[in-house]
Structure formats: structure tokens, C-alpha cells
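Novice: Here you go, this is model-v4.csv (CSV, C-alpha atoms).
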chain,number,residue,atom,x,y,z
A,11,ARG,CA,3.4,-12.0,9.4
A,12,ALA,CA,3.5,-11.3,5.7
A,13,LEU,CA,6.0,-8.4,6.1
A,14,HIS,CA,8.2,-10.7,8.2
A,15,LYS,CA,8.0,-13.6,5.8
A,16,ALA,CA,9.1,-11.3,2.9
A,17,GLY,CA,12.0,-10.0,4.9
A,18,LEU,CA,10.5,-6.5,5.4
A,19,ALA,CA,10.1,-6.7,9.2
A,20,ASN,CA,12.3,-8.1,11.9
A,21,GLN,CA,9.5,-10.0,13.7
A,22,PRO,CA,6.2,-11.6,12.7
A,23,HIS,CA,4.0,-9.9,15.3
A,24,SER,CA,3.6,-6.5,17.0
A,25,ILE,CA,1.4,-5.9,20.0
A,26,SER,CA,2.6,-2.5,21.2
A,27,ARG,CA,4.5,0.5,20.1
A,28,ASP,CA,7.6,-0.5,22.1
A,29,ASP,CA,7.8,-4.2,21.3
A,30,GLY,CA,10.9,-4.0,19.0
A,31,LEU,CA,9.2,-4.1,15.6
A,32,GLU,CA,11.4,-2.7,12.9
A,33,LEU,CA,10.3,-2.3,9.3
A,34,ASN,CA,12.9,-2.5,6.5
A,35,ASP,CA,12.3,-0.3,3.4
A,36,VAL,CA,8.6,0.1,4.4
A,37,LEU,CA,6.4,2.9,5.4
A,38,ILE,CA,2.8,2.2,6.3
A,39,THR,CA,0.3,4.9,5.9
A,40,ALA,CA,-3.5,5.2,5.3
A,41,ALA,CA,-5.7,6.9,2.8
A,42,VAL,CA,-8.3,7.5,5.6
A,43,ARG,CA,-7.7,7.7,9.3
A,44,CYS,CA,-10.7,6.0,10.9
A,45,ALA,CA,-12.9,3.1,10.3
A,46,PRO,CA,-15.8,4.5,8.4
A,47,PRO,CA,-19.5,3.4,8.7
A,48,ALA,CA,-20.1,0.1,6.8
A,49,ASN,CA,-16.4,0.1,5.9
A,50,LYS,CA,-17.1,2.6,3.1
A,51,PRO,CA,-15.1,5.8,3.3
A,52,HIS,CA,-16.9,8.9,2.0
A,53,PRO,CA,-15.2,11.1,-0.6
A,54,THR,CA,-15.2,14.0,1.9
A,55,GLU,CA,-13.2,11.8,4.4
A,56,ARG,CA,-10.8,10.8,1.6
A,57,ASP,CA,-10.3,14.4,0.6
A,58,ALA,CA,-9.9,15.6,4.2
A,59,CYS,CA,-7.3,12.9,5.0
A,60,ARG,CA,-5.3,13.2,1.7
A,61,ARG,CA,-3.0,16.0,3.0
A,62,TRP,CA,-1.7,13.7,5.7
A,63,MET,CA,-0.9,10.9,3.3
A,64,GLU,CA,0.8,13.4,1.0
A,65,GLN,CA,2.9,14.8,3.8
A,66,GLU,CA,4.0,11.3,4.8
A,67,PHE,CA,4.9,10.6,1.2
A,68,ASP,CA,7.0,13.7,1.1
A,69,LEU,CA,9.0,12.5,4.2
A,70,VAL,CA,10.3,9.5,2.3
A,71,ASP,CA,13.5,10.0,0.3
A,72,SER,CA,12.9,7.4,-2.4
A,73,VAL,CA,9.7,5.6,-3.1
A,74,ARG,CA,10.2,2.6,-5.4
A,75,VAL,CA,7.2,0.4,-4.6
A,76,ILE,CA,3.7,1.4,-3.4
A,77,VAL,CA,1.5,-1.4,-2.2
A,78,THR,CA,-2.1,-0.3,-2.1
A,79,LEU,CA,-4.5,-2.2,0.2
A,80,GLY,CA,-7.8,-2.1,-1.5
A,81,ASN,CA,-9.4,-0.2,-4.4
A,82,PHE,CA,-9.9,2.9,-2.3
A,83,ALA,CA,-6.1,3.2,-1.6
A,84,TYR,CA,-5.3,2.3,-5.2
A,85,LEU,CA,-7.5,5.1,-6.6
A,86,GLN,CA,-6.2,7.6,-4.0
A,87,ILE,CA,-2.5,6.9,-4.8
A,88,LEU,CA,-3.2,7.2,-8.5
A,89,ARG,CA,-4.9,10.6,-7.9
A,90,ILE,CA,-2.0,11.8,-5.8
A,91,LEU,CA,0.7,10.7,-8.3
A,92,GLY,CA,-1.3,12.2,-11.2
A,93,ASN,CA,-1.7,15.5,-9.4
A,94,ARG,CA,2.1,15.5,-8.7
A,95,GLY,CA,2.8,15.3,-12.4
A,96,ASP,CA,3.6,11.6,-12.7
A,97,SER,CA,2.3,9.9,-15.9
A,98,VAL,CA,-0.6,7.9,-14.7
A,99,PRO,CA,-2.2,6.1,-17.6
A,100,ARG,CA,-5.6,7.3,-18.9
A,101,PRO,CA,-8.0,5.7,-18.6
A,102,ARG,CA,-6.7,4.5,-15.2
A,103,PRO,CA,-6.2,0.8,-15.1
A,104,ARG,CA,-8.8,-1.0,-13.1
A,105,PHE,CA,-8.0,-2.4,-9.6
A,106,SER,CA,-7.4,-6.1,-9.4
A,107,HIS,CA,-5.5,-8.1,-6.8
A,108,GLY,CA,-1.8,-8.5,-7.9
A,109,ALA,CA,-2.1,-5.7,-10.6
A,110,GLU,CA,1.2,-3.9,-11.2
A,111,LEU,CA,1.5,-0.5,-12.7
A,112,SER,CA,4.8,1.3,-13.6
A,113,ILE,CA,4.7,5.0,-13.0
A,114,GLY,CA,8.0,6.7,-13.6
A,115,SER,CA,10.6,5.0,-11.4
A,116,MET,CA,7.9,3.5,-9.1
A,117,THR,CA,5.7,0.4,-9.2
A,118,VAL,CA,2.2,0.5,-7.8
A,119,LEU,CA,1.2,-3.0,-6.6
A,120,ALA,CA,-2.4,-3.6,-5.8
A,121,SER,CA,-3.8,-6.0,-3.1
A,122,TYR,CA,-7.1,-6.7,-1.6
A,123,HIS,CA,-7.4,-5.0,1.8
A,124,PRO,CA,-6.6,-7.5,4.6
A,125,SER,CA,-9.9,-6.7,6.4
A,126,GLN,CA,-11.8,-9.4,8.3
A,127,GLN,CA,-14.5,-9.2,5.5
A,128,ASN,CA,-11.9,-10.2,2.9
A,129,THR,CA,-9.9,-12.7,5.0
A,130,PHE,CA,-12.9,-14.5,6.6
A,131,THR,CA,-14.6,-14.9,3.2
A,132,GLY,CA,-11.4,-16.1,1.5
A,133,LYS,CA,-11.4,-13.3,-1.0
A,134,LEU,CA,-7.9,-12.7,0.3
A,135,THR,CA,-5.9,-15.6,1.6
A,136,GLU,CA,-2.7,-15.6,3.6
A,137,GLU,CA,-0.9,-17.1,0.5
A,138,MET,CA,-2.2,-14.3,-1.7
A,139,PHE,CA,-1.1,-11.6,0.7
A,140,ASP,CA,2.3,-13.3,1.1
A,141,ARG,CA,2.8,-13.2,-2.7
A,142,ILE,CA,2.1,-9.5,-2.8
A,143,TRP,CA,4.8,-8.8,-0.2
A,144,ALA,CA,7.2,-11.2,-1.8
A,145,ARG,CA,6.7,-9.4,-5.1
A,146,ALA,CA,7.2,-6.0,-3.4
A,147,LYS,CA,10.5,-7.2,-1.8
A,148,GLN,CA,11.6,-8.5,-5.3
A,149,LEU,CA,10.8,-5.1,-6.8
A,150,ILE,CA,12.6,-3.2,-4.0
A,151,GLU,CA,15.7,-5.4,-4.4
A,152,LYS,CA,15.7,-5.1,-8.2
A,153,ASN,CA,15.7,-1.3,-7.9
A,154,THR,CA,18.5,-1.2,-5.4
A,155,LEU,CA,21.1,-3.2,-7.4
A,156,PRO,CA,24.2,-1.2,-8.3
A,157,PHE,CA,24.5,-0.2,-11.9
Just give me the structure of the file as C-alpha cells.
Specialist:
Amino acid sequence: RALHKAGLANQPHSISRDDGLELNDVLITAAVRCAPPANKPHPTERDACRRWMEQEFDLVDSVRVIVTLGNFAYLQILRILGNRGDSVPRPRPRFSHGAELSIGSMTVLASYHPSQQNTFTGKLTEEMFDRIWARAKQLIEKNTLPF
């Protein structure tokens, strides 16, 4: 729903691969590929899955905004960008919901992960998540204006 509200998807729900969902200016990927025990990915899993995330990243022509869902994804994308030669600040800025970090021509936007643990406890509300995607849309549009 949040992507639809922000104008980044053509419909608010998706229930199957062929239900007509279309994303606009969005690629969704994951730092790890399975639900780990106790919802805590192990560094070996992070490292094993990294190549898939990097390959997907390479398939995109122009990345302007990266929304990270959770601290784990935030740290992983900063590692990847740093290893690719982008100027990631040192020390790395701490994760916090709504944090923005400019790295070259990109903006990294941090959000709590929309897990049941975060949504059921109110750590992440629908309004908070909507604001993240509205900000992402604003940043995407800002970077696509003609000069």
C-alpha cells in the first residue's frame, strides 16, 4: 500500500506474480534470501547473499534513491557502496528511521523493517512507512527534473 500511496506502484495490493502489479522507478531486492532463525541473519548468510544483491544493483541503469529496510540492509548497502569506491562517511552514520545519507549522486534513506515484530509493536506505523516512501518519491522526482 505504501508504494501505491507514494505513486510508485499501480495498485495497492499484490497477491500473485501475474496480478498486474507494476512498480515505477523501483527495484526491490534483499540483503539476505531467507527468513533466518530468530529473525537475526548471520554474517555468513549476509556474505553469501551479497553477490546476488550486487548483481541486481548492476542491472539498474541509474540508482538515485536506496531505501533500506532495517539496520541490516542499511549496513549492507553502505558496505557495498564503500567497496565500489563511493564515498561513504567514516565513521558510518548510525541507523535511525528516516535518516538520509547522500553518497555521490545517490541518497540512502533508512527505514525500520516492516516486519510483524516492528508493525505489531508500533515501532513502525503505517504513517511512518508512508512518509519514507513519500520522501523517496520526492527525491526521485527531484533528481529527474530537466536541467
Novice: Give as a PyMOL selection string each residue that has an atom at most 12 Å from (-4.9, -7.5, -10.2) in the file, counting only C-alpha atoms.
Specialist: chain A and resi 77-81+84+103-111+118-122+138+142
Novice: Store the residues picked out above in a file with C-alpha atoms, as a JSON list (two decimals), in the coordinates of the input.
Specialist:
[["chain", "number", "residue", "atom", "x", "y", "z"],
["A", 77, "VAL", "CA", 1.50, -1.40, -2.20],
["A", 78, "THR", "CA", -2.10, -0.30, -2.10],
["A", 79, "LEU", "CA", -4.50, -2.20, 0.20],
["A", 80, "GLY", "CA", -7.80, -2.10, -1.50],
["A", 81, "ASN", "CA", -9.40, -0.20, -4.40],
["A", 84, "TYR", "CA", -5.30, 2.30, -5.20],
["A", 103, "PRO", "CA", -6.20, 0.80, -15.10],
["A", 104, "ARG", "CA", -8.80, -1.00, -13.10],
["A", 105, "PHE", "CA", -8.00, -2.40, -9.60],
["A", 106, "SER", "CA", -7.40, -6.10, -9.40],
["A", 107, "HIS", "CA", -5.50, -8.10, -6.80],
["A", 108, "GLY", "CA", -1.80, -8.50, -7.90],
["A", 109, "ALA", "CA", -2.10, -5.70, -10.60],
["A", 110, "GLU", "CA", 1.20, -3.90, -11.20],
["A", 111, "LEU", "CA", 1.50, -0.50, -12.70],
["A", 118, "VAL", "CA", 2.20, 0.50, -7.80],
["A", 119, "LEU", "CA", 1.20, -3.00, -6.60],
["A", 120, "ALA", "CA", -2.40, -3.60, -5.80],
["A", 121, "SER", "CA", -3.80, -6.00, -3.10],
["A", 122, "TYR", "CA", -7.10, -6.70, -1.60],
["A", 138, "MET", "CA", -2.20, -14.30, -1.70],
["A", 142, "ILE", "CA", 2.10, -9.50, -2.80]]
Novice: Hey, can you check how far CA of Asp35 (chain A) sits from CA of Ser115 (chain A)?
Specialist: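 That distance, rounded to one decimal, is 15.8 Å.
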Novice: Select, counting all atoms listed in the file, all protein, DNA and RNA residues no farther than 12 Å from (-12.8, 11.2, 3.8) in file coordinates, and express the selection as a VMD selection string.
Specialist: chain A and resid 40 to 47 49 to 63 82 to 83 86
Novice: When you draw a straight line from CA of Pro99 (chain A) to CA of Glu64 (chain A), how long is it in Å?
Specialist: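 Those two atoms sit 20.2 Å apart.
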Novice: At a cut-off of 7 Å, using only C-alpha atoms, what residues contact Val75 (chain A)? Leave out same-chain residues fewer than 2 positions from it and give the result as a list in words.
Specialist: Val73, Val77, Met116, Thr117, Val118, Ala146, Leu149 and Ile150 of chain A
Novice: Out of A:Ser112, A:Glu151, A:Thr131, A:Arg74, which residue has the shortest atom-to-atom distance to Val98 (chain A) when counting all atoms listed in the file?
Specialist: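 Looking at the shortest contact to Val98 (chain A), the residue is A:Ser112.
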Novice: Distance CA of Ala19 (chain A)-CA of Ile38 (chain A), one decimal place?
Specialist: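 The value is 11.9 Å.
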Novice: Given the choices A:Ala48, A:Pro101, A:Val36, A:Gly92, which gets closest to Asp71 (chain A) if the distance is worked out from all atoms listed in the file?
Specialist: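 Checking each candidate against Asp71 (chain A), we get A:Val36 as the closest.
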Novice: Within 12 Å of His23 (chain A), counting all atoms listed in the file, which residues qualify if same-chain residues fewer than 5 places away don't, as a short mmCIF file (atom, residue, chain, number, x, y, z; two decimals) with C-alpha atoms, keeping the file's coordinate frame?
Specialist:
data_model
loop_
_atom_site.label_atom_id
_atom_site.label_comp_id
_atom_site.auth_asym_id
_atom_site.auth_seq_id
_atom_site.Cartn_x
_atom_site.Cartn_y
_atom_site.Cartn_z
CA ARG A 11 3.40 -12.00 9.40
CA ALA A 12 3.50 -11.30 5.70
CA LEU A 13 6.00 -8.40 6.10
CA HIS A 14 8.20 -10.70 8.20
CA LYS A 15 8.00 -13.60 5.80
CA ASP A 29 7.80 -4.20 21.30
CA GLY A 30 10.90 -4.00 19.00
CA LEU A 31 9.20 -4.10 15.60
CA GLU A 32 11.40 -2.70 12.90
CA LEU A 33 10.30 -2.30 9.30
#
Novice: Need the axis-aligned box for region 133-142 of chain A with 8 Å each side, so what are the centre and edges in Å to one decimal, as AutoDock Vina command-line options?
Specialist:
--center_x -4.3 --center_y -13.3 --center_z 0.4 --size_x 30.2 --size_y 23.6 --size_z 22.4
